[in-house]
file entry-v6.cif (mmCIF, C-alpha atoms)
data_upload
#
loop_
_atom_site.label_atom_id
_atom_site.label_comp_id
_atom_site.auth_asym_id
_atom_site.auth_seq_id
_atom_site.Cartn_x
_atom_site.Cartn_y
_atom_site.Cartn_z
CA MET U 1 -62.62 -1.94 10.65
CA GLU U 2 -63.58 -4.85 12.86
CA SER U 3 -63.99 -4.02 16.53
CA LYS U 4 -61.20 -5.00 18.92
CA LEU U 5 -63.54 -4.82 21.85
CA VAL U 6 -64.54 -7.78 24.03
CA VAL U 7 -67.33 -6.97 26.46
CA ALA U 8 -67.57 -8.95 29.70
CA LEU U 9 -71.23 -9.36 30.62
CA ASP U 10 -71.03 -10.24 34.30
CA LEU U 11 -74.71 -9.78 34.98
CA MET U 12 -76.65 -11.76 37.52
CA LYS U 13 -79.93 -11.87 35.59
CA GLU U 14 -80.23 -13.79 32.38
CA ARG U 15 -82.76 -11.42 30.85
CA ASP U 16 -80.56 -8.38 31.46
CA LEU U 17 -77.56 -10.19 30.04
CA LEU U 18 -79.33 -11.25 26.86
CA GLU U 19 -80.87 -7.80 26.42
CA ILE U 20 -77.45 -6.10 26.41
CA ALA U 21 -75.96 -8.89 24.27
CA ASP U 22 -78.67 -8.23 21.69
CA LYS U 23 -77.99 -4.45 21.71
CA ILE U 24 -74.19 -4.53 21.45
CA GLY U 25 -73.48 -7.93 19.83
CA SER U 26 -72.99 -6.63 16.30
CA LYS U 27 -70.66 -3.83 17.43
CA VAL U 28 -68.12 -5.84 19.42
CA PHE U 29 -65.54 -8.51 18.58
CA ALA U 30 -66.91 -10.87 21.22
CA ILE U 31 -68.86 -11.14 24.45
CA LYS U 32 -67.07 -12.72 27.39
CA LEU U 33 -68.99 -14.92 29.82
CA ASN U 34 -67.65 -16.03 33.20
CA TRP U 35 -68.84 -18.77 35.57
CA PRO U 36 -71.48 -16.62 37.32
CA ALA U 37 -73.35 -16.45 33.98
CA ILE U 38 -73.18 -20.24 33.61
CA MET U 39 -74.47 -20.64 37.19
CA LEU U 40 -77.72 -18.91 36.18
CA SER U 41 -79.08 -21.80 34.12
CA GLY U 42 -76.20 -23.79 32.69
CA SER U 43 -74.03 -23.66 29.62
CA ARG U 44 -76.88 -23.06 27.19
CA ILE U 45 -76.41 -19.33 27.78
CA ILE U 46 -73.28 -19.70 25.61
CA ARG U 47 -75.50 -20.78 22.73
CA ASP U 48 -78.03 -18.03 23.42
CA VAL U 49 -75.40 -15.28 23.45
CA SER U 50 -73.76 -16.78 20.34
CA CYS U 51 -76.84 -15.63 18.40
CA TYR U 52 -75.63 -12.06 18.89
CA SER U 53 -71.84 -12.29 18.93
CA ARG U 54 -68.81 -14.55 19.25
CA VAL U 55 -68.57 -15.88 22.83
CA ILE U 56 -65.37 -16.23 24.84
CA CYS U 57 -65.75 -18.45 27.92
CA ASP U 58 -63.69 -16.90 30.69
CA PHE U 59 -63.54 -20.07 32.73
CA LYS U 60 -59.93 -19.75 33.90
CA VAL U 61 -59.86 -23.54 33.67
CA ALA U 62 -57.56 -24.87 36.41
CA ASP U 63 -58.23 -28.53 37.07
CA ILE U 64 -56.73 -31.92 36.22
CA PRO U 65 -56.59 -32.80 32.51
CA ASN U 66 -59.73 -34.98 32.52
CA THR U 67 -61.96 -32.32 34.11
CA ASN U 68 -60.46 -29.61 31.89
CA SER U 69 -61.46 -31.68 28.85
CA LEU U 70 -65.06 -32.10 30.06
CA ILE U 71 -65.43 -28.35 30.62
CA THR U 72 -63.89 -27.49 27.24
CA GLU U 73 -65.95 -30.04 25.30
CA LYS U 74 -69.15 -28.55 26.71
CA ALA U 75 -68.12 -25.00 25.77
CA LEU U 76 -67.33 -26.19 22.24
CA GLU U 77 -70.64 -28.02 21.98
CA MET U 78 -72.48 -24.82 22.93
CA GLY U 79 -70.74 -22.88 20.15
CA ALA U 80 -68.16 -20.79 22.01
CA TRP U 81 -65.51 -19.07 19.87
CA GLY U 82 -62.82 -19.03 22.55
CA ILE U 83 -61.98 -20.21 26.04
CA ILE U 84 -59.64 -18.84 28.71
CA SER U 85 -57.52 -21.35 30.63
CA HIS U 86 -55.00 -21.02 33.42
CA SER U 87 -51.54 -22.35 32.64
CA PHE U 88 -50.39 -22.52 36.27
CA THR U 89 -51.77 -26.07 36.51
CA GLY U 90 -49.09 -27.22 34.08
CA HIS U 91 -48.54 -28.42 30.53
CA ASP U 92 -50.82 -31.48 30.62
CA SER U 93 -53.76 -29.53 32.05
CA LEU U 94 -53.44 -26.74 29.45
CA ARG U 95 -52.84 -29.31 26.72
CA ALA U 96 -56.11 -31.08 27.67
CA VAL U 97 -57.99 -27.81 27.06
CA ILE U 98 -56.26 -27.27 23.70
CA GLU U 99 -56.84 -30.84 22.54
CA SER U 100 -60.55 -30.65 23.43
CA ALA U 101 -61.07 -27.18 21.98
CA GLY U 102 -61.74 -28.10 18.35
CA ASP U 103 -61.64 -24.80 16.44
CA MET U 104 -62.10 -22.71 19.59
CA LYS U 105 -59.22 -20.36 20.40
CA VAL U 106 -57.54 -21.11 23.72
CA PHE U 107 -56.20 -18.13 25.65
CA SER U 108 -53.69 -18.83 28.38
CA VAL U 109 -53.53 -16.72 31.56
CA VAL U 110 -49.87 -15.82 32.12
CA SER U 111 -50.30 -12.66 34.17
CA MET U 112 -53.09 -11.07 36.19
CA SER U 113 -53.71 -7.55 37.45
CA HIS U 114 -55.05 -7.92 41.02
CA PRO U 115 -52.54 -7.46 43.90
CA GLY U 116 -52.46 -11.18 44.80
CA SER U 117 -51.20 -12.10 41.34
CA ALA U 118 -47.80 -10.70 42.39
CA GLU U 119 -47.37 -13.62 44.80
CA PHE U 120 -47.31 -16.70 42.57
CA ILE U 121 -48.51 -15.97 39.01
CA ASN U 122 -46.71 -12.86 37.76
CA PRO U 123 -43.24 -13.96 38.96
CA ASN U 124 -43.71 -16.96 36.62
CA THR U 125 -45.00 -15.10 33.55
CA ASP U 126 -42.03 -15.93 31.32
CA ARG U 127 -42.14 -19.65 32.08
CA LEU U 128 -45.94 -19.68 31.69
CA VAL U 129 -45.68 -17.98 28.26
CA GLU U 130 -42.96 -20.37 27.09
CA MET U 131 -44.90 -23.44 28.25
CA SER U 132 -48.18 -22.17 26.75
CA ILE U 133 -46.54 -21.63 23.35
CA ARG U 134 -45.17 -25.17 23.53
CA ALA U 135 -48.67 -26.45 24.39
CA GLY U 136 -50.15 -24.63 21.38
CA ALA U 137 -52.16 -21.81 22.94
CA ALA U 138 -53.71 -19.43 20.41
CA GLY U 139 -53.29 -16.43 22.63
CA PHE U 140 -52.62 -14.87 26.00
CA ILE U 141 -54.27 -12.82 28.68
CA ALA U 142 -52.05 -9.87 29.61
CA PRO U 143 -52.76 -7.09 32.13
CA GLY U 144 -54.47 -4.11 30.46
CA ASN U 145 -53.30 -1.69 33.12
CA ASN U 146 -49.62 -2.49 32.48
CA PRO U 147 -48.62 -1.50 28.92
CA ALA U 148 -44.95 -2.37 29.53
CA GLU U 149 -45.92 -5.93 30.42
CA ILE U 150 -48.22 -6.17 27.38
CA ALA U 151 -45.30 -5.08 25.16
CA ARG U 152 -43.01 -7.63 26.77
CA ILE U 153 -45.49 -10.51 26.32
CA ARG U 154 -46.14 -9.29 22.74
CA LYS U 155 -42.44 -9.62 21.99
CA MET U 156 -42.27 -13.12 23.51
CA SER U 157 -45.22 -14.46 21.51
CA PRO U 158 -45.23 -13.37 17.85
CA GLY U 159 -48.36 -14.47 15.99
CA ARG U 160 -50.40 -15.07 19.14
CA ILE U 161 -53.54 -13.10 20.01
CA ILE U 162 -53.12 -10.89 23.06
CA MET U 163 -56.27 -10.03 24.99
CA THR U 164 -56.14 -7.62 27.92
CA PRO U 165 -58.63 -7.16 30.73
CA GLY U 166 -58.33 -4.45 33.34
CA VAL U 167 -59.49 -1.75 30.94
CA GLY U 168 -62.20 0.70 32.00
CA ALA U 169 -63.37 0.46 35.61
CA GLN U 170 -60.03 -1.07 36.63
CA GLY U 171 -58.09 1.94 35.37
CA GLY U 172 -56.46 0.87 32.12
CA LYS U 173 -56.94 2.73 28.84
CA ALA U 174 -58.09 0.80 25.79
CA GLY U 175 -55.91 2.88 23.44
CA ASP U 176 -52.78 2.40 25.56
CA ALA U 177 -53.28 -1.38 25.62
CA ILE U 178 -53.66 -1.56 21.83
CA ARG U 179 -50.61 0.66 21.23
CA ALA U 180 -48.59 -1.60 23.53
CA GLY U 181 -49.45 -4.59 21.35
CA ALA U 182 -52.81 -5.96 22.50
CA ASP U 183 -55.12 -7.31 19.79
CA LEU U 184 -58.29 -7.28 21.88
CA VAL U 185 -59.31 -5.31 24.95
CA ILE U 186 -61.87 -6.44 27.49
CA VAL U 187 -64.27 -3.95 29.05
CA GLY U 188 -66.93 -4.90 31.58
CA ARG U 189 -68.60 -2.69 34.14
CA SER U 190 -68.11 0.56 32.20
CA VAL U 191 -70.36 -0.90 29.49
CA TYR U 192 -72.94 -3.00 31.33
CA THR U 193 -73.55 -0.56 34.19
CA SER U 194 -73.95 2.32 31.73
CA SER U 195 -77.39 3.74 31.08
CA ASP U 196 -76.46 3.60 27.38
CA PRO U 197 -74.25 0.52 26.71
CA VAL U 198 -74.41 1.05 22.94
CA GLU U 199 -73.03 4.58 23.22
CA GLN U 200 -70.26 3.30 25.53
CA VAL U 201 -69.32 0.62 22.99
CA ASP U 202 -69.33 3.19 20.16
CA ASN U 203 -67.04 5.48 22.18
CA LEU U 204 -64.65 2.68 23.06
CA ASN U 205 -64.51 1.50 19.43
CA MET U 206 -63.66 5.07 18.37
CA GLU U 207 -60.99 5.39 21.06
CA ILE U 208 -59.40 2.15 19.90
CA ASP U 209 -59.62 3.00 16.20
CA SER U 210 -57.98 6.37 16.75
CA SER U 211 -55.12 4.77 18.67
CA VAL U 212 -53.89 2.55 15.84
CA MET V 1 -69.12 -43.57 63.01
CA GLU V 2 -69.72 -40.82 60.46
CA SER V 3 -68.45 -41.57 56.97
CA LYS V 4 -65.19 -39.94 55.86
CA LEU V 5 -66.09 -40.46 52.22
CA VAL V 6 -66.71 -37.68 49.71
CA VAL V 7 -68.06 -38.95 46.41
CA ALA V 8 -67.40 -36.92 43.27
CA LEU V 9 -70.37 -37.23 40.94
CA ASP V 10 -68.90 -36.16 37.61
CA LEU V 11 -71.83 -37.34 35.54
CA MET V 12 -72.96 -35.69 32.35
CA LYS V 13 -76.68 -36.36 32.80
CA GLU V 14 -78.64 -34.66 35.53
CA ARG V 15 -81.02 -37.58 36.01
CA ASP V 16 -78.17 -40.08 36.48
CA LEU V 17 -76.43 -37.74 38.90
CA LEU V 18 -79.52 -37.21 41.05
CA GLU V 19 -80.35 -40.92 41.00
CA ILE V 20 -76.94 -41.88 42.44
CA ALA V 21 -77.05 -38.95 44.88
CA ASP V 22 -80.37 -40.28 46.19
CA LYS V 23 -78.97 -43.81 46.59
CA ILE V 24 -75.69 -42.96 48.36
CA GLY V 25 -76.41 -39.58 49.98
CA SER V 26 -77.13 -40.89 53.47
CA LYS V 27 -74.01 -43.10 53.48
CA VAL V 28 -71.36 -40.52 52.60
CA PHE V 29 -69.94 -37.42 54.28
CA ALA V 30 -70.59 -35.28 51.22
CA ILE V 31 -71.10 -35.26 47.47
CA LYS V 32 -68.65 -33.22 45.41
CA LEU V 33 -69.85 -31.36 42.33
CA ASN V 34 -67.52 -29.86 39.73
CA TRP V 35 -68.20 -27.32 36.95
CA PRO V 36 -69.41 -29.89 34.40
CA ALA V 37 -72.39 -30.59 36.71
CA ILE V 38 -73.15 -26.86 36.95
CA MET V 39 -72.97 -26.58 33.15
CA LEU V 40 -75.92 -28.98 32.86
CA SER V 41 -78.55 -26.53 34.06
CA GLY V 42 -76.97 -24.06 36.43
CA SER V 43 -76.21 -23.87 40.11
CA ARG V 44 -79.62 -25.14 41.22
CA ILE V 45 -78.20 -28.68 41.04
CA ILE V 46 -76.34 -27.77 44.25
CA ARG V 47 -79.70 -27.29 45.97
CA ASP V 48 -81.12 -30.47 44.44
CA VAL V 49 -78.18 -32.63 45.59
CA SER V 50 -78.29 -30.95 49.03
CA CYS V 51 -81.58 -32.80 49.62
CA TYR V 52 -79.56 -36.02 49.81
CA SER V 53 -76.20 -35.00 51.28
CA ARG V 54 -73.83 -32.16 52.09
CA VAL V 55 -72.46 -30.65 48.87
CA ILE V 56 -68.87 -29.56 48.27
CA CYS V 57 -68.44 -27.34 45.22
CA ASP V 58 -65.17 -28.31 43.57
CA PHE V 59 -64.88 -25.08 41.62
CA LYS V 60 -61.11 -24.59 42.00
CA VAL V 61 -61.94 -20.90 42.07
CA ALA V 62 -59.06 -18.99 40.43
CA ASP V 63 -60.14 -15.52 39.40
CA ILE V 64 -59.84 -11.93 40.63
CA PRO V 65 -61.37 -11.21 44.04
CA ASN V 66 -64.64 -9.74 42.69
CA THR V 67 -65.43 -12.72 40.46
CA ASN V 68 -64.43 -15.16 43.22
CA SER V 69 -66.97 -13.48 45.50
CA LEU V 70 -69.78 -13.75 42.94
CA ILE V 71 -69.11 -17.47 42.45
CA THR V 72 -68.91 -18.14 46.19
CA GLU V 73 -72.06 -16.17 47.03
CA LYS V 74 -74.04 -18.20 44.52
CA ALA V 75 -72.76 -21.52 45.95
CA LEU V 76 -73.72 -20.34 49.45
CA GLU V 77 -77.16 -19.23 48.28
CA MET V 78 -77.75 -22.71 46.82
CA GLY V 79 -76.92 -24.37 50.14
CA ALA V 80 -73.43 -25.80 49.56
CA TRP V 81 -71.56 -27.03 52.66
CA GLY V 82 -68.08 -26.40 51.27
CA ILE V 83 -66.19 -24.91 48.35
CA ILE V 84 -62.75 -25.65 46.93
CA SER V 85 -60.60 -22.69 45.89
CA HIS V 86 -57.17 -22.37 44.36
CA SER V 87 -54.65 -20.38 46.36
CA PHE V 88 -52.05 -19.67 43.66
CA THR V 89 -54.08 -16.61 42.60
CA GLY V 90 -52.91 -15.01 45.85
CA HIS V 91 -54.08 -13.91 49.26
CA ASP V 92 -56.71 -11.37 48.15
CA SER V 93 -58.37 -13.83 45.76
CA LEU V 94 -58.55 -16.61 48.37
CA ARG V 95 -59.63 -14.09 51.00
CA ALA V 96 -62.54 -13.01 48.76
CA VAL V 97 -63.78 -16.62 48.70
CA ILE V 98 -63.47 -16.94 52.48
CA GLU V 99 -65.19 -13.61 53.16
CA SER V 100 -68.11 -14.53 50.88
CA ALA V 101 -68.43 -18.09 52.16
CA GLY V 102 -70.67 -17.49 55.18
CA ASP V 103 -70.67 -20.77 57.10
CA MET V 104 -69.39 -22.78 54.13
CA LYS V 105 -66.01 -24.44 54.64
CA VAL V 106 -63.33 -23.21 52.24
CA PHE V 107 -60.76 -25.79 51.11
CA SER V 108 -57.57 -24.46 49.59
CA VAL V 109 -55.71 -26.33 46.84
CA VAL V 110 -52.04 -26.45 47.82
CA SER V 111 -50.95 -29.54 45.93
CA MET V 112 -52.30 -31.58 43.02
CA SER V 113 -51.62 -35.08 41.76
CA HIS V 114 -51.47 -34.85 37.94
CA PRO V 115 -47.99 -34.65 36.33
CA GLY V 116 -48.31 -30.95 35.38
CA SER V 117 -48.77 -29.95 39.01
CA ALA V 118 -45.04 -30.57 39.47
CA GLU V 119 -44.29 -27.52 37.31
CA PHE V 120 -45.77 -24.59 39.24
CA ILE V 121 -48.11 -25.71 42.05
CA ASN V 122 -46.36 -28.43 44.04
CA PRO V 123 -42.99 -26.59 44.29
CA ASN V 124 -44.99 -23.86 46.09
CA THR V 125 -46.97 -26.08 48.49
CA ASP V 126 -45.38 -24.75 51.68
CA ARG V 127 -45.93 -21.10 50.76
CA LEU V 128 -49.50 -21.88 49.63
CA VAL V 129 -50.28 -23.62 52.95
CA GLU V 130 -48.81 -20.78 54.98
CA MET V 131 -50.71 -18.13 53.03
CA SER V 132 -53.98 -20.11 53.15
CA ILE V 133 -53.77 -20.45 56.94
CA ARG V 134 -53.18 -16.71 57.17
CA ALA V 135 -56.24 -16.13 54.93
CA GLY V 136 -58.39 -18.35 57.17
CA ALA V 137 -58.97 -21.46 55.06
CA ALA V 138 -60.89 -24.22 56.87
CA GLY V 139 -59.01 -26.98 55.13
CA PHE V 140 -56.73 -28.21 52.38
CA ILE V 141 -56.73 -30.45 49.35
CA ALA V 142 -53.76 -32.82 49.50
CA PRO V 143 -52.81 -35.58 47.03
CA GLY V 144 -54.41 -38.90 48.00
CA ASN V 145 -51.80 -40.90 46.13
CA ASN V 146 -48.93 -39.41 48.15
CA PRO V 147 -49.24 -40.32 51.87
CA ALA V 148 -45.91 -38.69 52.74
CA GLU V 149 -47.16 -35.36 51.38
CA ILE V 150 -50.47 -35.74 53.24
CA ALA V 151 -48.55 -36.30 56.47
CA ARG V 152 -46.37 -33.26 55.80
CA ILE V 153 -49.36 -30.97 55.11
CA ARG V 154 -51.12 -32.46 58.18
CA LYS V 155 -48.17 -31.40 60.33
CA MET V 156 -48.13 -27.88 58.85
CA SER V 157 -51.83 -27.27 59.45
CA PRO V 158 -53.09 -28.48 62.84
CA GLY V 159 -56.85 -28.15 63.24
CA ARG V 160 -57.55 -27.85 59.52
CA ILE V 161 -59.59 -30.39 57.56
CA ILE V 162 -57.55 -32.33 55.03
CA MET V 163 -59.40 -33.75 52.05
CA THR V 164 -57.63 -35.94 49.51
CA PRO V 165 -58.64 -36.79 45.96
CA GLY V 166 -56.79 -39.29 43.83
CA VAL V 167 -58.24 -42.26 45.69
CA GLY V 168 -59.71 -45.17 43.73
CA ALA V 169 -59.38 -45.03 39.95
CA GLN V 170 -56.27 -42.84 40.28
CA GLY V 171 -54.46 -45.44 42.36
CA GLY V 172 -54.47 -44.16 45.94
CA LYS V 173 -55.85 -46.22 48.82
CA ALA V 174 -58.49 -44.67 51.07
CA GLY V 175 -57.06 -46.35 54.18
CA ASP V 176 -53.51 -45.15 53.45
CA ALA V 177 -54.70 -41.56 53.03
CA ILE V 178 -56.60 -41.62 56.34
CA ARG V 179 -53.67 -43.19 58.21
CA ALA V 180 -51.40 -40.46 56.81
CA GLY V 181 -53.66 -37.81 58.33
CA ALA V 182 -56.48 -37.12 55.88
CA ASP V 183 -59.90 -36.38 57.38
CA LEU V 184 -61.89 -36.98 54.21
CA VAL V 185 -61.17 -38.98 51.07
CA ILE V 186 -62.67 -38.30 47.67
CA VAL V 187 -63.68 -41.15 45.39
CA GLY V 188 -65.25 -40.66 41.98
CA ARG V 189 -65.25 -43.06 39.06
CA SER V 190 -64.94 -46.22 41.16
CA VAL V 191 -68.33 -45.37 42.67
CA TYR V 192 -70.32 -43.77 39.88
CA THR V 193 -69.23 -46.15 37.13
CA SER V 194 -69.98 -49.17 39.32
CA SER V 195 -73.03 -51.28 38.61
CA ASP V 196 -73.68 -51.12 42.37
CA PRO V 197 -72.62 -47.69 43.74
CA VAL V 198 -74.16 -48.42 47.15
CA GLU V 199 -72.07 -51.56 47.60
CA GLN V 200 -68.95 -49.63 46.53
CA VAL V 201 -69.68 -46.93 49.12
CA ASP V 202 -70.28 -49.57 51.82
CA ASN V 203 -66.97 -51.26 50.99
CA LEU V 204 -65.05 -47.97 51.02
CA ASN V 205 -66.62 -46.95 54.34
CA MET V 206 -65.54 -50.29 55.79
CA GLU V 207 -62.02 -49.95 54.40
CA ILE V 208 -61.74 -46.50 55.97
CA ASP V 209 -63.25 -47.55 59.31
CA SER V 210 -60.87 -50.48 59.61
CA SER V 211 -57.86 -48.24 58.92
CA VAL V 212 -58.35 -45.93 61.89
#

call {"tool": "encode", "arguments": {"input": "entry-v6.cif", "output": "structure tokens"}}
result
Amino acid sequence: MESKLVVALDLMKERDLLEIADKIGSKVFAIKLNWPAIMLSGSRIIRDVSCYSRVICDFKVADIPNTNSLITEKALEMGAWGIISHSFTGHDSLRAVIESAGDMKVFSVVSMSHPGSAEFINPNTDRLVEMSIRAGAAGFIAPGNNPAEIARIRKMSPGRIIMTPGVGAQGGKAGDAIRAGADLVIVGRSVYTSSDPVEQVDNLNMEIDSSV
Amino acid sequence: MESKLVVALDLMKERDLLEIADKIGSKVFAIKLNWPAIMLSGSRIIRDVSCYSRVICDFKVADIPNTNSLITEKALEMGAWGIISHSFTGHDSLRAVIESAGDMKVFSVVSMSHPGSAEFINPNTDRLVEMSIRAGAAGFIAPGNNPAEIARIRKMSPGRIIMTPGVGAQGGKAGDAIRAGADLVIVGRSVYTSSDPVEQVDNLNMEIDSSV
């Protein structure tokens, strides 16, 4: 059974990041890279990590259409498998990401799990989902620590890939997220701060497999 | 009189970017770098451009508080003068940028000028301004092609720095933006695609000086 695990490698040293990517790459669905990893030495780290695993660029793209296209084109050029974009910036901004994405999967953020997301983003989840489907998003980011919300977004978006962060250190349970309808769960610190990341990944894969 | 001009250098080749930065750096208030510039070879380009001018990192930061802090700390470490953050991700996310910014100025996006910004961002401008002031933002991004909106945001935020993009290729007029209350105007393509960027900068500085 293919892993449903996406591991966020938010490490501040390139060597450490590539070392863990090498160890766990074949056991996970994808490795997620955020801007701090790109700040180390540019977007070529996407290509380096792609040697070990699919790469999802968690860029939460949130600019005007032209800039969104430039960012997306570079991620595609470096071999990323997927890219995460905000939808709050509107249909044309999200559409620019999707049109520049080639065969990359575009995941739209329609809900977040930190307290501040209750102010502007989460009250708009339904409209953001509807607009993202219209724009052609391949999937959604839903909050891993809120199974009821995952189930609701699942119901609103048949056929789309649902990926949920907030699992592990942030308190969610990988099995609960999958049972609620998530296709992929993101784990970060509980893997990369572990003394044995491979064992952590094996345990999480087992937890997920036993939940379906 | 100090320049009120911020030049966005959205160039896809590091050598071209540094060459223009060298030519215009002493004639502008700051140079603005966006993610595509960081994707070239990492955040050290902030330090390189800082040799010629102040640098404003137009990162439109829009993540959870922890990730926002990591991004901001790196920009500070590289010597940036300012950083642009979204505010729609909520008070804690913006606050994380401000708390990690040291003596960098944090500019909060409360309004944008592309069509899609009418869907979710611009209807919330007043609440975003109010929350950003509460969070301690040093300034705001207001739409350069909408003087009435600049004047309105100016009135809502005494003492804050207002910076407006959308001037030049996007149709706004630098002088109009300044008269409406902007402190700094951002120009991009009309400078860096010019055969004589220095002459363009001189002309824009004169246009701005004659408007105040």

call {"tool": "atom_distance", "arguments": {"input": "entry-v6.cif", "atom1": "CA of Leu184 in chain U", "atom2": "CA of Met206 in chain U"}}
result
13.9 Å

call {"tool": "residues_around", "arguments": {"input": "entry-v6.cif", "residues": "Phe107 in chain U", "least_positions_apart": "6", "cutoff": "7 Å", "atoms": "all atoms listed in the file", "output": "PyMOL selection string"}}
result
chain U and resi 83-85+137-141

call {"tool": "resolve_selection", "arguments": {"input": "entry-v6.cif", "expression": "the PyMOL selection byres ((chain U) within 8 of (chain V))", "output": "VMD selection string"}}
result
chain U and resid 35 to 36 38 to 44 60 62 to 65 67 70 to 71 74 88 to 93 114 to 121

call {"tool": "atom_distance", "arguments": {"input": "entry-v6.cif", "atom1": "CA of Ala177 in chain U", "atom2": "CA of Ser111 in chain U"}}
result
14.5 Å

call {"tool": "atom_distance", "arguments": {"input": "entry-v6.cif", "atom1": "CA of Ser26 in chain V", "atom2": "CA of Lys173 in chain V"}}
result
22.4 Å

call {"tool": "resolve_selection", "arguments": {"input": "entry-v6.cif", "expression": "the PyMOL selection byres ((chain U and resi 160-165) around 9)", "output": "VMD selection string"}}
result
chain U and resid 6 107 112 to 113 133 137 to 145 150 153 to 154 157 to 159 166 to 168 170 172 174 177 to 178 181 to 188

call {"tool": "write_last_selection", "arguments": {"input": "entry-v6.cif", "atoms": "C-alpha atoms", "output": "mmCIF file, in the coordinates of the input"}}
result
data_model
loop_
_atom_site.group_PDB
_atom_site.id
_atom_site.type_symbol
_atom_site.label_atom_id
_atom_site.label_comp_id
_atom_site.auth_asym_id
_atom_site.auth_seq_id
_atom_site.Cartn_x
_atom_site.Cartn_y
_atom_site.Cartn_z
ATOM 1 C CA VAL U 6 -64.540 -7.780 24.030
ATOM 2 C CA PHE U 107 -56.200 -18.130 25.650
ATOM 3 C CA MET U 112 -53.090 -11.070 36.190
ATOM 4 C CA SER U 113 -53.710 -7.550 37.450
ATOM 5 C CA ILE U 133 -46.540 -21.630 23.350
ATOM 6 C CA ALA U 137 -52.160 -21.810 22.940
ATOM 7 C CA ALA U 138 -53.710 -19.430 20.410
ATOM 8 C CA GLY U 139 -53.290 -16.430 22.630
ATOM 9 C CA PHE U 140 -52.620 -14.870 26.000
ATOM 10 C CA ILE U 141 -54.270 -12.820 28.680
ATOM 11 C CA ALA U 142 -52.050 -9.870 29.610
ATOM 12 C CA PRO U 143 -52.760 -7.090 32.130
ATOM 13 C CA GLY U 144 -54.470 -4.110 30.460
ATOM 14 C CA ASN U 145 -53.300 -1.690 33.120
ATOM 15 C CA ILE U 150 -48.220 -6.170 27.380
ATOM 16 C CA ILE U 153 -45.490 -10.510 26.320
ATOM 17 C CA ARG U 154 -46.140 -9.290 22.740
ATOM 18 C CA SER U 157 -45.220 -14.460 21.510
ATOM 19 C CA PRO U 158 -45.230 -13.370 17.850
ATOM 20 C CA GLY U 159 -48.360 -14.470 15.990
ATOM 21 C CA GLY U 166 -58.330 -4.450 33.340
ATOM 22 C CA VAL U 167 -59.490 -1.750 30.940
ATOM 23 C CA GLY U 168 -62.200 0.700 32.000
ATOM 24 C CA GLN U 170 -60.030 -1.070 36.630
ATOM 25 C CA GLY U 172 -56.460 0.870 32.120
ATOM 26 C CA ALA U 174 -58.090 0.800 25.790
ATOM 27 C CA ALA U 177 -53.280 -1.380 25.620
ATOM 28 C CA ILE U 178 -53.660 -1.560 21.830
ATOM 29 C CA GLY U 181 -49.450 -4.590 21.350
ATOM 30 C CA ALA U 182 -52.810 -5.960 22.500
ATOM 31 C CA ASP U 183 -55.120 -7.310 19.790
ATOM 32 C CA LEU U 184 -58.290 -7.280 21.880
ATOM 33 C CA VAL U 185 -59.310 -5.310 24.950
ATOM 34 C CA ILE U 186 -61.870 -6.440 27.490
ATOM 35 C CA VAL U 187 -64.270 -3.950 29.050
ATOM 36 C CA GLY U 188 -66.930 -4.900 31.580
#

call {"tool": "resolve_selection", "arguments": {"input": "entry-v6.cif", "expression": "the PyMOL selection byres ((chain U and resi 22) around 12)", "output": "count of residues only"}}
result
24

call {"tool": "axis_aligned_box", "arguments": {"input": "entry-v6.cif", "around": "range 142-157 of chain U", "padding_each_side": "6 Å", "output": "lines of an AutoDock Vina configuration file"}}
result
center_x = -48.4
center_y = -8.0
center_z = 27.3
size_x = 24.2
size_y = 25.0
size_z = 23.6

call {"tool": "residues_around", "arguments": {"input": "entry-v6.cif", "residues": "Gly102 in chain V", "least_positions_apart": "3", "cutoff": "8 Å", "atoms": "only C-alpha atoms", "output": "ChimeraX atom specification"}}
result
/V:76,98-99

call {"tool": "closest_residue", "arguments": {"input": "entry-v6.cif", "among": "V:Glu77, V:Glu199, V:Asp126, V:Glu207", "to": "Asp176 in chain V", "atoms": "all atoms listed in the file"}}
result
V:Glu207

call {"tool": "closest_residue", "arguments": {"input": "entry-v6.cif", "among": "V:Leu5, V:Ala80, V:Ile208, V:Ala148", "to": "Asp103 in chain V", "atoms": "only C-alpha atoms"}}
result
V:Ala80
